[in-house]
Amino acid sequence: MPLPLIRHVRAFVVRGGGADYHDQGEGHWIDDHIATPMSRYPEYRQSRQSFGINILGTLVVEIEAADGTIGFAVTTGGEPACFIVEKHLARFLEGRDPADYEKIWDQMYFSTQYYGRKGLVINAISGVDLALWDLLGKLRQEPVYKLLGGNVREELQFYATGARPDLAKEMGFIGGKLPLHHGPAEGLEGLHKNIAALTEMRSRVGDDFWLMLDCWMSLDLDYATRLAHRAWEEAGLKWIEEALSPDDYWGYAALKKNVPRGLLVTTGEHEATRWGFRMLMDMECCDIIQPDVGWCGGVTELIKIANYADSKGVMMVPHGSSVYSYHFVITRHNSPFAEFLMMHPGPSEVVPMFAPQLLGEPVPVNGRIRASALDKPGFGVELNPDIPLHRPYTH
Ligand SMILES: [Mg+2]
């Protein structure tokens, strides 16, 4: 059965949380002196917003088919991504069959390769690709996870990322991942504080609950190695995440050799495409790759990344990504659990990851989401009509 052709592609900016989850108000745990590569400058140490982490805002892509059906997706990228979508990428979709996602992705990637390859351009491509999968699901009246081969488990189980793993344990999550607060520029005193925070949390959650540390690219190899050994010995750390710059494949390969046996090295949320992840895996940089579905190239590219990971015996557990992760992870045995970003400011309660932008976004109950909660066409969510959309460019 031929599908209605794509009629129009539109791109919007939205402010205030949602897919750009760093775009939060004051007093949120996600902006509380978290270690970053900019922490070497004291003036940018207290707040990530001070160096511009929330400067872009959310990108919303809408793809409308000739019958009026609209697929949409949200990711980061803001106004510059709107320009790329409207002025450059839209030409590879309009007038095309929405089922032709392979050719569309290939043309989006290679037409932008001279200025793209990673970062903002791949965020924009990801947003278009996810909107296309949403449209395809809506046209075929199937959830995306069914288009991807169907669920291999009846439910997803989650660990929680946030400042309160102790509360996450009470809420039924299988683990908690803390942000690291002090980077190498804060010296040995900072290292002691990092370990003290971790051991204090270990005393609250007991011996068996998973505890992880997210280092958000802030460390060097020597610091990461020392942190890993102390965190393993003193607090039973499960994994050390994104310890180094995403460009430092050599550093990751060395870190993986340096850490205690049993402690996992994870990274990849700021990596993109099959080629970036192939580098991580071929150089044996980590035990778990963590592509963000909205940043790595979208579902079309994640299929290739996940298949390669499966063949290499590497776990693939996406970064955040809300419904775009849920629909993928439930189809994969090498993605045995998923991340849930705790976006409540405390975080003392479970709220939808991309709140307030999506309607119908499922949330874990007792740390779990049933496959049946995903049984709606496409990604199963709608754009919240109360959110003001700004369309900075047209074509
Ligand atoms: Mg992370």
# chains A, B, ... in the order shown; residues from 1 in each chain; ligands from 1
call {"tool": "closest_atom_pairs", "arguments": {"of": "region 282-392 of chain A", "to": "region 171-181 of chain A", "cutoff": "9 Å", "atoms": "only C-alpha atoms", "output": "JSON lines"}}
result
{"residue": "A:Phe337", "atom": "CA", "partner": "A:Ile174", "partner_atom": "CA", "distance": 8.9}
{"residue": "A:Glu349", "atom": "CA", "partner": "A:Met171", "partner_atom": "CA", "distance": 8.2}
{"residue": "A:Val350", "atom": "CA", "partner": "A:Met171", "partner_atom": "CA", "distance": 8.2}
{"residue": "A:Pro364", "atom": "CA", "partner": "A:Phe173", "partner_atom": "CA", "distance": 8.6}
{"residue": "A:Val365", "atom": "CA", "partner": "A:Gly172", "partner_atom": "CA", "distance": 7.7}
{"residue": "A:Asn366", "atom": "CA", "partner": "A:Gly172", "partner_atom": "CA", "distance": 4.3}
{"residue": "A:Gly367", "atom": "CA", "partner": "A:Phe173", "partner_atom": "CA", "distance": 4.2}
{"residue": "A:Arg368", "atom": "CA", "partner": "A:Phe173", "partner_atom": "CA", "distance": 7.6}
call {"tool": "residues_near_ligand", "arguments": {"ligand": "ligand 1", "cutoff": "12 Å", "atoms": "only C-alpha atoms and all ligand atoms", "output": "PyMOL selection string"}}
result
chain A and resi 30+34-36+160-162+177-180+212-218+239-244+246+265-271+288-292+317-321+339-341
call {"tool": "residues_around", "arguments": {"residues": "Tyr308 (chain A)", "least_positions_apart": "2", "cutoff": "12 Å", "atoms": "only C-alpha atoms", "output": "ChimeraX atom specification"}}
result
/A:273-282,289,301-306,310-316,334
call {"tool": "write_last_selection", "arguments": {"atoms": "N, CA and C atoms", "output": "PDB file, in the first residue's frame"}}
result
ATOM      1  N   THR A 273      26.813   8.946  15.276  1.00  0.00           N
ATOM      2  CA  THR A 273      26.855   8.109  14.063  1.00  0.00           C
ATOM      3  C   THR A 273      27.589   6.772  14.256  1.00  0.00           C
ATOM      4  N   ARG A 274      27.360   5.888  13.291  1.00  0.00           N
ATOM      5  CA  ARG A 274      27.972   4.554  13.315  1.00  0.00           C
ATOM      6  C   ARG A 274      29.494   4.660  13.374  1.00  0.00           C
ATOM      7  N   TRP A 275      30.053   5.720  12.752  1.00  0.00           N
ATOM      8  CA  TRP A 275      31.502   5.822  12.681  1.00  0.00           C
ATOM      9  C   TRP A 275      32.098   6.230  14.028  1.00  0.00           C
ATOM     10  N   GLY A 276      31.438   7.152  14.724  1.00  0.00           N
ATOM     11  CA  GLY A 276      31.899   7.549  16.057  1.00  0.00           C
ATOM     12  C   GLY A 276      31.839   6.385  17.025  1.00  0.00           C
ATOM     13  N   PHE A 277      30.730   5.651  16.989  1.00  0.00           N
ATOM     14  CA  PHE A 277      30.581   4.530  17.933  1.00  0.00           C
ATOM     15  C   PHE A 277      31.479   3.359  17.553  1.00  0.00           C
ATOM     16  N   ARG A 278      31.753   3.212  16.247  1.00  0.00           N
ATOM     17  CA  ARG A 278      32.698   2.170  15.855  1.00  0.00           C
ATOM     18  C   ARG A 278      34.081   2.453  16.462  1.00  0.00           C
ATOM     19  N   MET A 279      34.447   3.744  16.462  1.00  0.00           N
ATOM     20  CA  MET A 279      35.729   4.125  17.071  1.00  0.00           C
ATOM     21  C   MET A 279      35.750   3.734  18.550  1.00  0.00           C
ATOM     22  N   LEU A 280      34.676   4.067  19.280  1.00  0.00           N
ATOM     23  CA  LEU A 280      34.612   3.720  20.707  1.00  0.00           C
ATOM     24  C   LEU A 280      34.741   2.216  20.926  1.00  0.00           C
ATOM     25  N   MET A 281      34.076   1.448  20.063  1.00  0.00           N
ATOM     26  CA  MET A 281      34.055  -0.005  20.279  1.00  0.00           C
ATOM     27  C   MET A 281      35.323  -0.673  19.768  1.00  0.00           C
ATOM     28  N   ASP A 282      35.818  -0.260  18.594  1.00  0.00           N
ATOM     29  CA  ASP A 282      37.026  -0.894  18.056  1.00  0.00           C
ATOM     30  C   ASP A 282      38.247  -0.577  18.914  1.00  0.00           C
ATOM     31  N   ILE A 289      27.949   1.498  25.710  1.00  0.00           N
ATOM     32  CA  ILE A 289      27.808   2.736  24.938  1.00  0.00           C
ATOM     33  C   ILE A 289      26.454   3.352  25.267  1.00  0.00           C
ATOM     34  N   GLU A 301      19.990   5.602  12.453  1.00  0.00           N
ATOM     35  CA  GLU A 301      21.411   5.398  12.715  1.00  0.00           C
ATOM     36  C   GLU A 301      21.621   4.500  13.931  1.00  0.00           C
ATOM     37  N   LEU A 302      20.734   4.607  14.914  1.00  0.00           N
ATOM     38  CA  LEU A 302      20.881   3.799  16.127  1.00  0.00           C
ATOM     39  C   LEU A 302      20.755   2.301  15.819  1.00  0.00           C
ATOM     40  N   ILE A 303      19.966   1.949  14.819  1.00  0.00           N
ATOM     41  CA  ILE A 303      19.864   0.535  14.416  1.00  0.00           C
ATOM     42  C   ILE A 303      21.258   0.003  14.067  1.00  0.00           C
ATOM     43  N   LYS A 304      22.005   0.792  13.307  1.00  0.00           N
ATOM     44  CA  LYS A 304      23.345   0.361  12.873  1.00  0.00           C
ATOM     45  C   LYS A 304      24.309   0.315  14.073  1.00  0.00           C
ATOM     46  N   ILE A 305      24.234   1.350  14.920  1.00  0.00           N
ATOM     47  CA  ILE A 305      25.099   1.409  16.105  1.00  0.00           C
ATOM     48  C   ILE A 305      24.812   0.217  17.026  1.00  0.00           C
ATOM     49  N   ALA A 306      23.531  -0.045  17.270  1.00  0.00           N
ATOM     50  CA  ALA A 306      23.134  -1.109  18.202  1.00  0.00           C
ATOM     51  C   ALA A 306      23.502  -2.488  17.649  1.00  0.00           C
ATOM     52  N   ASP A 310      25.964  -5.100  19.441  1.00  0.00           N
ATOM     53  CA  ASP A 310      25.522  -6.474  19.719  1.00  0.00           C
ATOM     54  C   ASP A 310      26.577  -7.470  19.235  1.00  0.00           C
ATOM     55  N   SER A 311      27.090  -7.233  18.032  1.00  0.00           N
ATOM     56  CA  SER A 311      28.083  -8.161  17.475  1.00  0.00           C
ATOM     57  C   SER A 311      29.398  -8.108  18.246  1.00  0.00           C
ATOM     58  N   LYS A 312      29.669  -6.987  18.921  1.00  0.00           N
ATOM     59  CA  LYS A 312      30.906  -6.849  19.692  1.00  0.00           C
ATOM     60  C   LYS A 312      30.728  -7.259  21.155  1.00  0.00           C
ATOM     61  N   GLY A 313      29.502  -7.599  21.559  1.00  0.00           N
ATOM     62  CA  GLY A 313      29.265  -7.957  22.958  1.00  0.00           C
ATOM     63  C   GLY A 313      29.295  -6.747  23.879  1.00  0.00           C
ATOM     64  N   VAL A 314      28.950  -5.581  23.343  1.00  0.00           N
ATOM     65  CA  VAL A 314      28.927  -4.341  24.122  1.00  0.00           C
ATOM     66  C   VAL A 314      27.467  -3.988  24.414  1.00  0.00           C
ATOM     67  N   MET A 315      27.186  -3.597  25.648  1.00  0.00           N
ATOM     68  CA  MET A 315      25.820  -3.170  25.980  1.00  0.00           C
ATOM     69  C   MET A 315      25.552  -1.784  25.407  1.00  0.00           C
ATOM     70  N   MET A 316      24.296  -1.561  24.981  1.00  0.00           N
ATOM     71  CA  MET A 316      23.896  -0.269  24.429  1.00  0.00           C
ATOM     72  C   MET A 316      22.732   0.222  25.282  1.00  0.00           C
ATOM     73  N   ASN A 334      20.629  -6.518  23.962  1.00  0.00           N
ATOM     74  CA  ASN A 334      21.854  -5.888  24.489  1.00  0.00           C
ATOM     75  C   ASN A 334      21.588  -4.503  25.091  1.00  0.00           C
TER      76      ASN A 334
END
call {"tool": "residues_around", "arguments": {"residues": "region 14-17 of chain A", "least_positions_apart": "2", "cutoff": "7 Å", "atoms": "only C-alpha atoms", "output": "number ranges by chain"}}
result
A: 12, 19-24, 57-59, 354-355, 388-390
call {"tool": "select_by_dssp", "arguments": {"residues": "region 37-270 of chain A", "states": "alpha helix (DSSP H)", "output": "count of residues only"}}
result
93
call {"tool": "residues_around", "arguments": {"residues": "Gly119 (chain A)", "least_positions_apart": "6", "cutoff": "10 Å", "atoms": "only C-alpha atoms", "output": "list in words"}}
result
Gly77, His270, Glu271, Ala272, Trp295, Cys296 and Gly297 of chain A
call {"tool": "residues_around", "arguments": {"residues": "region 323-329 of chain A", "least_positions_apart": "3", "cutoff": "6 Å", "atoms": "only C-alpha atoms", "output": "list of chain:residue names"}}
result
A:Tyr145, A:Arg332, A:Ser335
call {"tool": "residues_around", "arguments": {"residues": "Glu142 (chain A)", "least_positions_apart": "6", "cutoff": "12 Å", "atoms": "only C-alpha atoms", "output": "list of chain:residue names"}}
result
A:Trp133, A:Asp134, A:Leu135, A:Leu136, A:Leu148, A:Gly149, A:Gly150, A:His327, A:Leu374, A:Asp375, A:Lys376, A:Pro377, A:Gly378, A:Phe379, A:Gly380
call {"tool": "closest_residue", "arguments": {"among": "A:Asn194, A:Asn151, A:Thr300, A:Gln157", "to": "Lys103 (chain A)", "atoms": "only C-alpha atoms"}}
result
A:Thr300
call {"tool": "closest_residue", "arguments": {"among": "A:Ala196, A:Val293, A:Ala124, A:Leu237", "to": "Leu211 (chain A)", "atoms": "only C-alpha atoms"}}
result
A:Leu237
call {"tool": "closest_residue", "arguments": {"among": "A:Arg10, A:Arg370, A:Lys238, A:Lys257", "to": "His88 (chain A)", "atoms": "only C-alpha atoms"}}
result
A:Arg10
call {"tool": "closest_residue", "arguments": {"among": "A:Ala373, A:Leu120, A:Leu383, A:Leu358", "to": "Glu155 (chain A)", "atoms": "only C-alpha atoms"}}
result
A:Ala373
call {"tool": "atom_distance", "arguments": {"atom1": "CA of Asp166 (chain A)", "atom2": "CA of Pro347 (chain A)"}}
result
10.5 Å
call {"tool": "select_by_dssp", "arguments": {"residues": "region 253-351 of chain A", "states": "strand (DSSP E)", "output": "mmCIF file with N, CA and C atoms, in the first residue's frame"}}
result
data_model
loop_
_atom_site.group_PDB
_atom_site.id
_atom_site.type_symbol
_atom_site.label_atom_id
_atom_site.label_comp_id
_atom_site.auth_asym_id
_atom_site.auth_seq_id
_atom_site.Cartn_x
_atom_site.Cartn_y
_atom_site.Cartn_z
ATOM 1 N N LEU A 264 32.671 -0.768 35.585
ATOM 2 C CA LEU A 264 32.416 -0.542 34.168
ATOM 3 C C LEU A 264 32.743 0.895 33.765
ATOM 4 N N VAL A 265 33.258 1.035 32.549
ATOM 5 C CA VAL A 265 33.489 2.358 31.962
ATOM 6 C C VAL A 265 32.421 2.572 30.894
ATOM 7 N N THR A 266 31.722 3.694 30.981
ATOM 8 C CA THR A 266 30.639 3.965 30.037
ATOM 9 C C THR A 266 30.839 5.345 29.420
ATOM 10 N N THR A 267 30.374 5.495 28.193
ATOM 11 C CA THR A 267 30.425 6.812 27.539
ATOM 12 C C THR A 267 29.615 6.776 26.247
ATOM 13 N N ILE A 288 29.869 -0.056 28.158
ATOM 14 C CA ILE A 288 28.498 0.283 27.754
ATOM 15 C C ILE A 288 28.565 1.535 26.900
ATOM 16 N N ILE A 289 27.949 1.498 25.710
ATOM 17 C CA ILE A 289 27.808 2.736 24.938
ATOM 18 C C ILE A 289 26.454 3.352 25.267
ATOM 19 N N MET A 315 27.186 -3.597 25.648
ATOM 20 C CA MET A 315 25.820 -3.170 25.980
ATOM 21 C C MET A 315 25.552 -1.784 25.407
ATOM 22 N N MET A 316 24.296 -1.561 24.981
ATOM 23 C CA MET A 316 23.896 -0.269 24.429
ATOM 24 C C MET A 316 22.732 0.222 25.282
ATOM 25 N N ALA A 338 17.294 0.746 31.080
ATOM 26 C CA ALA A 338 17.281 2.067 30.452
ATOM 27 C C ALA A 338 17.501 3.137 31.502
ATOM 28 N N GLU A 339 17.859 4.337 31.024
ATOM 29 C CA GLU A 339 18.078 5.477 31.918
ATOM 30 C C GLU A 339 16.797 6.289 32.054
ATOM 31 N N PHE A 340 16.529 6.739 33.272
ATOM 32 C CA PHE A 340 15.456 7.710 33.469
ATOM 33 C C PHE A 340 16.039 8.948 34.128
ATOM 34 N N LEU A 341 15.949 10.075 33.425
ATOM 35 C CA LEU A 341 16.424 11.341 33.986
ATOM 36 C C LEU A 341 15.355 11.878 34.920
#
call {"tool": "decode", "arguments": {"residues": "region 317-331 of chain A", "atoms": "N, CA and C atoms", "output": "PDB file, in the first residue's frame"}}
result
ATOM      1  N   VAL A 317      22.999   1.203  26.136  1.00  0.00           N
ATOM      2  CA  VAL A 317      21.972   1.751  27.025  1.00  0.00           C
ATOM      3  C   VAL A 317      21.875   3.250  26.759  1.00  0.00           C
ATOM      4  N   PRO A 318      20.867   3.690  25.997  1.00  0.00           N
ATOM      5  CA  PRO A 318      20.840   5.082  25.569  1.00  0.00           C
ATOM      6  C   PRO A 318      20.854   6.067  26.728  1.00  0.00           C
ATOM      7  N   HIS A 319      21.439   7.217  26.449  1.00  0.00           N
ATOM      8  CA  HIS A 319      21.337   8.362  27.351  1.00  0.00           C
ATOM      9  C   HIS A 319      19.908   8.916  27.272  1.00  0.00           C
ATOM     10  N   GLY A 320      19.275   9.138  28.419  1.00  0.00           N
ATOM     11  CA  GLY A 320      17.974   9.828  28.462  1.00  0.00           C
ATOM     12  C   GLY A 320      17.052   9.428  27.324  1.00  0.00           C
ATOM     13  N   SER A 321      16.675  10.442  26.520  1.00  0.00           N
ATOM     14  CA  SER A 321      15.953  10.241  25.244  1.00  0.00           C
ATOM     15  C   SER A 321      14.480   9.886  25.369  1.00  0.00           C
ATOM     16  N   SER A 322      13.962   9.721  26.578  1.00  0.00           N
ATOM     17  CA  SER A 322      12.513   9.509  26.778  1.00  0.00           C
ATOM     18  C   SER A 322      11.936   8.455  25.833  1.00  0.00           C
ATOM     19  N   VAL A 323      10.812   8.758  25.181  1.00  0.00           N
ATOM     20  CA  VAL A 323      10.112   7.762  24.354  1.00  0.00           C
ATOM     21  C   VAL A 323      10.978   7.238  23.221  1.00  0.00           C
ATOM     22  N   TYR A 324      11.931   8.071  22.765  1.00  0.00           N
ATOM     23  CA  TYR A 324      12.785   7.630  21.654  1.00  0.00           C
ATOM     24  C   TYR A 324      13.700   6.499  22.113  1.00  0.00           C
ATOM     25  N   SER A 325      14.054   6.499  23.384  1.00  0.00           N
ATOM     26  CA  SER A 325      14.793   5.379  23.963  1.00  0.00           C
ATOM     27  C   SER A 325      13.854   4.207  24.263  1.00  0.00           C
ATOM     28  N   TYR A 326      12.709   4.476  24.877  1.00  0.00           N
ATOM     29  CA  TYR A 326      11.829   3.386  25.328  1.00  0.00           C
ATOM     30  C   TYR A 326      11.463   2.454  24.164  1.00  0.00           C
ATOM     31  N   HIS A 327      11.098   3.067  23.016  1.00  0.00           N
ATOM     32  CA  HIS A 327      10.663   2.256  21.873  1.00  0.00           C
ATOM     33  C   HIS A 327      11.808   1.435  21.289  1.00  0.00           C
ATOM     34  N   PHE A 328      13.048   1.884  21.501  1.00  0.00           N
ATOM     35  CA  PHE A 328      14.183   1.145  20.949  1.00  0.00           C
ATOM     36  C   PHE A 328      14.652   0.052  21.911  1.00  0.00           C
ATOM     37  N   VAL A 329      14.835   0.459  23.172  1.00  0.00           N
ATOM     38  CA  VAL A 329      15.432  -0.442  24.162  1.00  0.00           C
ATOM     39  C   VAL A 329      14.609  -1.719  24.326  1.00  0.00           C
ATOM     40  N   ILE A 330      13.298  -1.598  24.225  1.00  0.00           N
ATOM     41  CA  ILE A 330      12.452  -2.775  24.476  1.00  0.00           C
ATOM     42  C   ILE A 330      12.556  -3.817  23.361  1.00  0.00           C
ATOM     43  N   THR A 331      13.213  -3.423  22.242  1.00  0.00           N
ATOM     44  CA  THR A 331      13.389  -4.374  21.127  1.00  0.00           C
ATOM     45  C   THR A 331      14.755  -5.053  21.147  1.00  0.00           C
TER      46      THR A 331
END
